[in-house]
Amino acid sequence: NDERVSEPTYMALPAEYMSCSAVNKEWRQRVDTMIDSMAEFRTLSDRVLFDDEPCYTLGKKVSFTSDQTHDLRKTLSPNIRAKREIIQRTVCAFLNAEKGGTMYFGIDTEGVVHGLRWSRKSRDEFRLTVDQLMHNFKPVVSANFFMISFVNCVENSVDVSDSMRCAVEDTYVIELTVKPTVGSIFSTGNDLCFLRLGCNSKQLSMNDVCQLAREDQERQLQAEIRSLHAELAMWRKLNAQMHGGGVAAANGVTAMNGSAHGRVATAVVEAAAGP
């Protein structure tokens with residue numbers, strides 16, 4: 001249900017009360033106190049962050065540092081054109097790594113949260129710039145392979161519980177997350193290729209790129225072989241159930257030969273059958 005909270009309405013005092021100055025003064029004090037309390041609550045409720053809402057606490061350290069899947073950067077100017085090269089280099093390195101990764105802007109290399117004070121306009125411009133960078137990659141990075149998050153920063157106060165800390169206006173940690181990819185090697189718009197190694201993004205030579213391609217193909221082949229092993233085991237189990245325990249792996253091979261991986265399947269079956 002779409003529940004909307006309307007502004008409070010106040011009941012007018014009866015005319016007979018208004019004629020009595022003492023009562024009038026008492027009621028005015030009560031109403032004024034009520035109005036002040038409600039105004040304070042409305043202001044607080046707009047800023048309160050609850051436990052199930054992601055946030056970072058200013059001045060506190062996060063549980064991770066720059067490594068294979070995390071890249072921490074303290075600052076990022078709202079005019080990020082000068083930082084485009086750093087962003088596309090790091091994103092390219094994450095795209096070519098097995099696990100992907102996330103860039104964090106507003107957290108220093110020691111893991112301390114500083115946050116970035118960005119307006120709505122700056123946030124929109126950042127999204128557009130990242131979209132353009134992703135479009136310039138070869139091959140193009142589709143929208144489902146990356147995500148931008150502006151995570152609120154909250155005040156660091158020992159006197160307030162975590163669930164009642166207040167968000168600092170227009171202050172965020174920016175997360176640019178890149179998902180892992182399989183079957184593609186990405187390069188920047190300048191035809192440069194990078195790979196994430198530890199906490200660094202290493203530029204690859206042509207030999208490195210060829211080696212990366214071979215490793216990627218090997219990972220794909222190993223995944224296909226594991227899938228075919230599982231398929232072969234299923235066929236053997238079915239044949240055993242249908243023929244009273246008789247092994248008829250050839251039936252499974254015949255069925256799998258109709259797929260694109262028929263030759264690989266046959267080799268797996270022959271290797272699994274053994275002498």
# chains A, B, ... in the order shown; residues from 1 in each chain; ligands from 1

$ residues_around --residues "stretch 145-156 of chain A" --least-positions-apart "2" --cutoff "8 Å" --atoms "only C-alpha atoms" --output "CSV table (one decimal) with all heavy atoms, in the first residue's frame"
chain,number,residue,atom,x,y,z
A,54,PRO,N,22.1,0.6,3.9
A,54,PRO,CA,23.6,0.7,3.8
A,54,PRO,C,24.1,2.1,4.1
A,54,PRO,O,23.5,3.1,3.6
A,54,PRO,CB,23.9,0.2,2.4
A,54,PRO,CG,22.7,0.5,1.6
A,54,PRO,CD,21.6,0.3,2.5
A,55,CYS,N,25.2,2.2,4.8
A,55,CYS,CA,25.8,3.5,5.1
A,55,CYS,C,27.2,3.3,5.5
A,55,CYS,O,27.6,2.2,5.9
A,55,CYS,CB,25.0,4.3,6.1
A,55,CYS,SG,25.0,3.5,7.8
A,56,TYR,N,28.0,4.4,5.5
A,56,TYR,CA,29.3,4.4,6.0
A,56,TYR,C,29.4,5.5,7.1
A,56,TYR,O,28.8,6.5,7.0
A,56,TYR,CB,30.4,4.8,4.9
A,56,TYR,CG,30.6,3.7,3.9
A,56,TYR,CD1,29.9,3.7,2.7
A,56,TYR,CD2,31.5,2.7,4.1
A,56,TYR,CE1,30.1,2.7,1.7
A,56,TYR,CE2,31.7,1.7,3.2
A,56,TYR,CZ,31.0,1.7,2.0
A,56,TYR,OH,31.2,0.7,1.0
A,57,THR,N,30.2,5.2,8.1
A,57,THR,CA,30.4,6.2,9.3
A,57,THR,C,31.6,7.0,9.1
A,57,THR,O,32.7,6.4,8.9
A,57,THR,CB,30.4,5.4,10.6
A,57,THR,OG1,29.2,4.6,10.8
A,57,THR,CG2,30.5,6.4,11.7
A,58,LEU,N,31.5,8.3,9.0
A,58,LEU,CA,32.6,9.2,8.8
A,58,LEU,C,33.7,9.0,9.9
A,58,LEU,O,33.4,8.9,11.1
A,58,LEU,CB,32.2,10.6,8.8
A,58,LEU,CG,31.3,11.0,7.5
A,58,LEU,CD1,30.8,12.4,7.7
A,58,LEU,CD2,32.1,10.9,6.2
A,59,GLY,N,35.0,8.9,9.5
A,59,GLY,CA,36.1,8.8,10.4
A,59,GLY,C,36.4,7.3,10.8
A,59,GLY,O,37.4,7.1,11.5
A,60,LYS,N,35.5,6.4,10.5
A,60,LYS,CA,35.7,5.0,10.9
A,60,LYS,C,36.4,4.3,9.8
A,60,LYS,O,36.4,4.6,8.6
A,60,LYS,CB,34.4,4.3,11.2
A,60,LYS,CG,33.9,4.7,12.6
A,60,LYS,CD,32.8,3.6,13.1
A,60,LYS,CE,32.5,3.9,14.5
A,60,LYS,NZ,31.5,2.8,15.0
A,115,GLY,N,34.2,10.3,2.8
A,115,GLY,CA,33.0,10.8,2.1
A,115,GLY,C,33.3,11.9,1.1
A,115,GLY,O,34.4,12.6,1.2
A,127,ARG,N,27.4,9.6,-13.4
A,127,ARG,CA,26.7,8.5,-14.1
A,127,ARG,C,26.9,8.6,-15.6
A,127,ARG,O,27.2,7.5,-16.3
A,127,ARG,CB,25.3,8.4,-13.7
A,127,ARG,CG,25.0,8.1,-12.3
A,127,ARG,CD,23.5,7.9,-12.0
A,127,ARG,NE,23.2,7.6,-10.7
A,127,ARG,CZ,22.8,8.5,-9.8
A,127,ARG,NH1,22.7,9.8,-10.1
A,127,ARG,NH2,22.5,8.1,-8.5
A,141,VAL,N,31.0,-2.5,-22.8
A,141,VAL,CA,30.6,-3.1,-21.5
A,141,VAL,C,29.1,-2.8,-21.3
A,141,VAL,O,28.7,-1.6,-21.2
A,141,VAL,CB,31.3,-2.5,-20.3
A,141,VAL,CG1,30.9,-3.2,-19.0
A,141,VAL,CG2,32.8,-2.8,-20.5
A,142,SER,N,28.2,-3.8,-21.3
A,142,SER,CA,26.8,-3.6,-21.2
A,142,SER,C,26.4,-3.2,-19.8
A,142,SER,O,27.2,-3.4,-18.8
A,142,SER,CB,26.0,-4.9,-21.6
A,142,SER,OG,26.4,-6.0,-20.8
A,143,ALA,N,25.3,-2.6,-19.6
A,143,ALA,CA,24.8,-2.0,-18.4
A,143,ALA,C,24.7,-3.0,-17.2
A,143,ALA,O,24.9,-2.7,-16.1
A,143,ALA,CB,23.5,-1.3,-18.5
A,158,VAL,N,29.5,9.1,19.4
A,158,VAL,CA,29.5,8.0,20.4
A,158,VAL,C,28.2,8.1,21.3
A,158,VAL,O,27.9,7.1,22.0
A,158,VAL,CB,30.7,8.1,21.3
A,158,VAL,CG1,32.0,7.8,20.5
A,158,VAL,CG2,30.8,9.4,22.0
A,165,ARG,N,21.8,7.4,14.0
A,165,ARG,CA,22.8,8.4,13.5
A,165,ARG,C,22.2,9.1,12.3
A,165,ARG,O,21.5,8.5,11.5
A,165,ARG,CB,24.1,7.7,13.2
A,165,ARG,CG,24.9,7.3,14.4
A,165,ARG,CD,26.2,6.6,14.1
A,165,ARG,NE,26.9,6.2,15.3
A,165,ARG,CZ,27.9,5.4,15.3
A,165,ARG,NH1,28.4,4.9,14.2
A,165,ARG,NH2,28.5,5.1,16.5
A,166,CYS,N,22.6,10.3,12.1
A,166,CYS,CA,22.0,11.2,11.1
A,166,CYS,C,22.9,11.2,9.8
A,166,CYS,O,24.1,11.3,9.9
A,166,CYS,CB,21.8,12.6,11.6
A,166,CYS,SG,20.6,12.7,13.0
A,167,ALA,N,22.3,11.1,8.7
A,167,ALA,CA,23.0,11.2,7.4
A,167,ALA,C,23.5,12.7,7.2
A,167,ALA,O,22.8,13.6,7.5
A,167,ALA,CB,22.1,10.8,6.3
A,168,VAL,N,24.8,12.8,6.8
A,168,VAL,CA,25.4,14.1,6.4
A,168,VAL,C,24.9,14.5,5.0
A,168,VAL,O,25.0,13.7,4.1
A,168,VAL,CB,26.9,14.0,6.5
A,168,VAL,CG1,27.5,15.4,6.2
A,168,VAL,CG2,27.3,13.6,7.9
A,170,ASP,N,24.2,15.3,1.4
A,170,ASP,CA,24.9,15.3,0.1
A,170,ASP,C,26.3,14.7,0.3
A,170,ASP,O,27.2,15.1,-0.5
A,170,ASP,CB,25.0,16.6,-0.5
A,170,ASP,CG,23.6,17.0,-1.1
A,170,ASP,OD1,22.8,16.1,-1.4
A,170,ASP,OD2,23.4,18.2,-1.3
A,171,THR,N,26.6,13.9,1.2
A,171,THR,CA,27.9,13.3,1.5
A,171,THR,C,27.8,11.8,1.3
A,171,THR,O,27.0,11.1,2.0
A,171,THR,CB,28.4,13.6,2.9
A,171,THR,OG1,28.4,15.1,3.0
A,171,THR,CG2,29.8,13.1,3.1
A,172,TYR,N,28.6,11.2,0.4
A,172,TYR,CA,28.5,9.8,0.0
A,172,TYR,C,29.9,9.2,-0.1
A,172,TYR,O,30.9,9.9,-0.4
A,172,TYR,CB,27.8,9.7,-1.3
A,172,TYR,CG,26.5,10.4,-1.4
A,172,TYR,CD1,26.4,11.7,-1.8
A,172,TYR,CD2,25.3,9.8,-1.0
A,172,TYR,CE1,25.2,12.4,-1.9
A,172,TYR,CE2,24.1,10.4,-1.1
A,172,TYR,CZ,24.0,11.8,-1.5
A,172,TYR,OH,22.8,12.4,-1.6
A,173,VAL,N,29.9,7.9,-0.1
A,173,VAL,CA,31.0,7.0,-0.6
A,173,VAL,C,30.4,6.5,-2.0
A,173,VAL,O,29.3,5.9,-2.0
A,173,VAL,CB,31.4,5.9,0.3
A,173,VAL,CG1,32.3,4.9,-0.4
A,173,VAL,CG2,32.1,6.4,1.5
A,174,ILE,N,31.2,6.7,-3.0
A,174,ILE,CA,30.8,6.3,-4.3
A,174,ILE,C,31.4,4.9,-4.6
A,174,ILE,O,32.6,4.8,-4.6
A,174,ILE,CB,31.2,7.3,-5.4
A,174,ILE,CG1,30.7,8.7,-5.1
A,174,ILE,CG2,30.7,6.9,-6.8
A,174,ILE,CD1,31.2,9.8,-6.0
A,175,GLU,N,30.5,4.0,-5.0
A,175,GLU,CA,31.0,2.6,-5.3
A,175,GLU,C,30.7,2.4,-6.8
A,175,GLU,O,29.6,2.5,-7.3
A,175,GLU,CB,30.2,1.6,-4.5
A,175,GLU,CG,30.4,1.7,-3.0
A,175,GLU,CD,29.6,0.7,-2.2
A,175,GLU,OE1,28.8,0.0,-2.8
A,175,GLU,OE2,29.8,0.6,-1.0
A,176,LEU,N,31.8,2.0,-7.5
A,176,LEU,CA,31.6,1.6,-8.9
A,176,LEU,C,32.0,0.1,-9.0
A,176,LEU,O,33.2,-0.2,-8.9
A,176,LEU,CB,32.5,2.5,-9.8
A,176,LEU,CG,32.7,2.1,-11.3
A,176,LEU,CD1,31.3,2.0,-11.9
A,176,LEU,CD2,33.5,3.1,-12.0
A,177,THR,N,31.0,-0.7,-9.1
A,177,THR,CA,31.3,-2.2,-9.1
A,177,THR,C,31.2,-2.8,-10.5
A,177,THR,O,30.4,-2.4,-11.3
A,177,THR,CB,30.2,-2.8,-8.2
A,177,THR,OG1,30.2,-2.3,-6.9
A,177,THR,CG2,30.4,-4.3,-8.1
A,178,VAL,N,32.2,-3.6,-10.7
A,178,VAL,CA,32.4,-4.3,-12.0
A,178,VAL,C,32.2,-5.8,-11.8
A,178,VAL,O,32.9,-6.4,-11.0
A,178,VAL,CB,33.7,-4.0,-12.7
A,178,VAL,CG1,33.9,-4.7,-14.0
A,178,VAL,CG2,33.9,-2.5,-12.9
A,179,LYS,N,31.3,-6.4,-12.5
A,179,LYS,CA,31.1,-7.8,-12.4
A,179,LYS,C,32.2,-8.6,-13.2
A,179,LYS,O,32.7,-8.1,-14.2
A,179,LYS,CB,29.7,-8.2,-12.9
A,179,LYS,CG,28.6,-7.6,-12.1
A,179,LYS,CD,27.3,-8.1,-12.6
A,179,LYS,CE,26.1,-7.5,-11.8
A,179,LYS,NZ,24.8,-7.9,-12.3
A,180,PRO,N,32.5,-9.8,-12.8
A,180,PRO,CA,33.5,-10.6,-13.6
A,180,PRO,C,32.9,-11.0,-14.9
A,180,PRO,O,31.6,-11.2,-15.1
A,180,PRO,CB,33.7,-11.8,-12.7
A,180,PRO,CG,32.5,-11.9,-11.8
A,180,PRO,CD,32.1,-10.5,-11.6
A,181,THR,N,33.7,-11.2,-16.0
A,181,THR,CA,33.2,-11.6,-17.3
A,181,THR,C,34.0,-12.8,-17.7
A,181,THR,O,35.1,-13.1,-17.2
A,181,THR,CB,33.5,-10.5,-18.3
A,181,THR,OG1,34.9,-10.2,-18.4
A,181,THR,CG2,32.7,-9.2,-17.9

$ select_by_dssp --residues "stretch 78-169 of chain A" --states "strand (DSSP E or B)" --output "MDAnalysis selection string"
chainID A and resid 101:105 107 112:113 116:117 138 146:154 166:169

$ write_last_selection --atoms "N, CA and C atoms" --output "PDB file, in the first residue's frame"
ATOM      1  N   GLY A 101      35.505  -6.485  -9.404  1.00  0.00           N
ATOM      2  CA  GLY A 101      35.952  -5.664  -8.283  1.00  0.00           C
ATOM      3  C   GLY A 101      35.163  -4.378  -8.159  1.00  0.00           C
ATOM      4  N   THR A 102      35.492  -3.592  -7.137  1.00  0.00           N
ATOM      5  CA  THR A 102      34.777  -2.337  -6.850  1.00  0.00           C
ATOM      6  C   THR A 102      35.759  -1.218  -6.559  1.00  0.00           C
ATOM      7  N   MET A 103      35.522  -0.055  -7.182  1.00  0.00           N
ATOM      8  CA  MET A 103      36.247   1.170  -6.847  1.00  0.00           C
ATOM      9  C   MET A 103      35.434   1.930  -5.794  1.00  0.00           C
ATOM     10  N   TYR A 104      36.117   2.426  -4.754  1.00  0.00           N
ATOM     11  CA  TYR A 104      35.466   3.194  -3.694  1.00  0.00           C
ATOM     12  C   TYR A 104      36.083   4.593  -3.673  1.00  0.00           C
ATOM     13  N   PHE A 105      35.263   5.599  -3.871  1.00  0.00           N
ATOM     14  CA  PHE A 105      35.711   6.989  -3.803  1.00  0.00           C
ATOM     15  C   PHE A 105      35.158   7.608  -2.514  1.00  0.00           C
ATOM     16  N   ILE A 107      37.062   6.893   0.455  1.00  0.00           N
ATOM     17  CA  ILE A 107      37.734   6.087   1.482  1.00  0.00           C
ATOM     18  C   ILE A 107      39.225   6.098   1.155  1.00  0.00           C
ATOM     19  N   VAL A 112      40.013   4.530   5.984  1.00  0.00           N
ATOM     20  CA  VAL A 112      39.238   5.504   6.763  1.00  0.00           C
ATOM     21  C   VAL A 112      38.234   6.215   5.853  1.00  0.00           C
ATOM     22  N   VAL A 113      36.993   6.307   6.320  1.00  0.00           N
ATOM     23  CA  VAL A 113      35.920   6.910   5.527  1.00  0.00           C
ATOM     24  C   VAL A 113      35.955   8.434   5.658  1.00  0.00           C
ATOM     25  N   LEU A 116      32.457  12.027   0.170  1.00  0.00           N
ATOM     26  CA  LEU A 116      32.563  13.088  -0.835  1.00  0.00           C
ATOM     27  C   LEU A 116      31.263  13.883  -0.823  1.00  0.00           C
ATOM     28  N   ARG A 117      31.392  15.197  -0.779  1.00  0.00           N
ATOM     29  CA  ARG A 117      30.204  16.063  -0.780  1.00  0.00           C
ATOM     30  C   ARG A 117      29.883  16.425  -2.231  1.00  0.00           C
ATOM     31  N   LYS A 138      36.384  -1.907 -25.595  1.00  0.00           N
ATOM     32  CA  LYS A 138      36.308  -2.881 -26.692  1.00  0.00           C
ATOM     33  C   LYS A 138      36.475  -4.276 -26.094  1.00  0.00           C
ATOM     34  N   PHE A 146      28.035  -3.547 -14.754  1.00  0.00           N
ATOM     35  CA  PHE A 146      28.565  -2.582 -13.799  1.00  0.00           C
ATOM     36  C   PHE A 146      27.423  -1.886 -13.071  1.00  0.00           C
ATOM     37  N   MET A 147      27.747  -1.336 -11.898  1.00  0.00           N
ATOM     38  CA  MET A 147      26.724  -0.675 -11.077  1.00  0.00           C
ATOM     39  C   MET A 147      27.369   0.477 -10.310  1.00  0.00           C
ATOM     40  N   ILE A 148      26.662   1.600 -10.250  1.00  0.00           N
ATOM     41  CA  ILE A 148      27.123   2.773  -9.505  1.00  0.00           C
ATOM     42  C   ILE A 148      26.204   2.962  -8.292  1.00  0.00           C
ATOM     43  N   SER A 149      26.806   3.116  -7.112  1.00  0.00           N
ATOM     44  CA  SER A 149      26.025   3.332  -5.891  1.00  0.00           C
ATOM     45  C   SER A 149      26.569   4.551  -5.147  1.00  0.00           C
ATOM     46  N   PHE A 150      25.654   5.419  -4.711  1.00  0.00           N
ATOM     47  CA  PHE A 150      26.012   6.543  -3.859  1.00  0.00           C
ATOM     48  C   PHE A 150      25.511   6.194  -2.457  1.00  0.00           C
ATOM     49  N   VAL A 151      26.439   5.779  -1.597  1.00  0.00           N
ATOM     50  CA  VAL A 151      26.072   5.278  -0.270  1.00  0.00           C
ATOM     51  C   VAL A 151      26.208   6.404   0.750  1.00  0.00           C
ATOM     52  N   ASN A 152      25.163   6.636   1.513  1.00  0.00           N
ATOM     53  CA  ASN A 152      25.150   7.728   2.484  1.00  0.00           C
ATOM     54  C   ASN A 152      26.247   7.584   3.529  1.00  0.00           C
ATOM     55  N   CYS A 153      26.763   8.721   3.977  1.00  0.00           N
ATOM     56  CA  CYS A 153      27.689   8.779   5.111  1.00  0.00           C
ATOM     57  C   CYS A 153      26.942   9.334   6.318  1.00  0.00           C
ATOM     58  N   VAL A 154      27.194   8.746   7.487  1.00  0.00           N
ATOM     59  CA  VAL A 154      26.521   9.196   8.702  1.00  0.00           C
ATOM     60  C   VAL A 154      27.530   9.754   9.684  1.00  0.00           C
ATOM     61  N   CYS A 166      22.612  10.341  12.125  1.00  0.00           N
ATOM     62  CA  CYS A 166      22.033  11.171  11.074  1.00  0.00           C
ATOM     63  C   CYS A 166      22.922  11.219   9.844  1.00  0.00           C
ATOM     64  N   ALA A 167      22.298  11.145   8.680  1.00  0.00           N
ATOM     65  CA  ALA A 167      23.043  11.235   7.428  1.00  0.00           C
ATOM     66  C   ALA A 167      23.549  12.653   7.225  1.00  0.00           C
ATOM     67  N   VAL A 168      24.789  12.770   6.757  1.00  0.00           N
ATOM     68  CA  VAL A 168      25.356  14.075   6.436  1.00  0.00           C
ATOM     69  C   VAL A 168      24.883  14.451   5.043  1.00  0.00           C
ATOM     70  N   GLU A 169      24.326  15.614   4.915  1.00  0.00           N
ATOM     71  CA  GLU A 169      23.679  16.037   3.673  1.00  0.00           C
ATOM     72  C   GLU A 169      24.636  15.990   2.476  1.00  0.00           C
TER      73      GLU A 169
END

$ residues_around --residues "A:Ala97" --least-positions-apart "3" --cutoff "7 Å" --atoms "only C-alpha atoms" --output "short mmCIF file (atom, residue, chain, number, x, y, z; two decimals) with all heavy atoms, in the first residue's frame"
data_model
loop_
_atom_site.label_atom_id
_atom_site.label_comp_id
_atom_site.auth_asym_id
_atom_site.auth_seq_id
_atom_site.Cartn_x
_atom_site.Cartn_y
_atom_site.Cartn_z
N ALA A 93 41.02 -3.32 -15.69
CA ALA A 93 41.73 -4.36 -14.94
C ALA A 93 40.75 -5.29 -14.23
O ALA A 93 40.95 -6.52 -14.20
CB ALA A 93 42.67 -3.71 -13.93
N PHE A 94 39.68 -4.73 -13.65
CA PHE A 94 38.67 -5.57 -12.98
C PHE A 94 37.91 -6.44 -13.99
O PHE A 94 37.59 -7.59 -13.71
CB PHE A 94 37.69 -4.70 -12.21
CG PHE A 94 38.20 -4.21 -10.88
CD1 PHE A 94 37.91 -2.94 -10.42
CD2 PHE A 94 38.99 -5.02 -10.08
CE1 PHE A 94 38.38 -2.49 -9.20
CE2 PHE A 94 39.47 -4.59 -8.85
CZ PHE A 94 39.17 -3.32 -8.41
N GLY A 100 36.21 -9.72 -10.88
CA GLY A 100 35.69 -8.37 -10.96
C GLY A 100 36.22 -7.53 -9.81
O GLY A 100 37.28 -7.83 -9.24
N PRO A 180 32.52 -9.83 -12.83
CA PRO A 180 33.47 -10.62 -13.62
C PRO A 180 32.86 -11.05 -14.95
O PRO A 180 31.65 -11.22 -15.06
CB PRO A 180 33.74 -11.84 -12.72
CG PRO A 180 32.54 -11.94 -11.84
CD PRO A 180 32.06 -10.54 -11.62
N LEU A 195 45.18 -5.58 -16.32
CA LEU A 195 44.76 -6.73 -15.51
C LEU A 195 45.02 -6.41 -14.05
O LEU A 195 46.06 -5.83 -13.70
CB LEU A 195 45.53 -8.00 -15.91
CG LEU A 195 45.21 -9.27 -15.11
CD1 LEU A 195 43.76 -9.70 -15.36
CD2 LEU A 195 46.18 -10.39 -15.50
N ARG A 196 44.08 -6.78 -13.18
CA ARG A 196 44.23 -6.52 -11.74
C ARG A 196 45.16 -7.57 -11.13
O ARG A 196 44.88 -8.77 -11.20
CB ARG A 196 42.87 -6.56 -11.05
CG ARG A 196 42.89 -6.08 -9.60
CD ARG A 196 43.09 -4.60 -9.52
NE ARG A 196 42.98 -4.10 -8.14
CZ ARG A 196 43.11 -2.82 -7.83
NH1 ARG A 196 43.32 -1.92 -8.76
NH2 ARG A 196 43.01 -2.44 -6.57
#
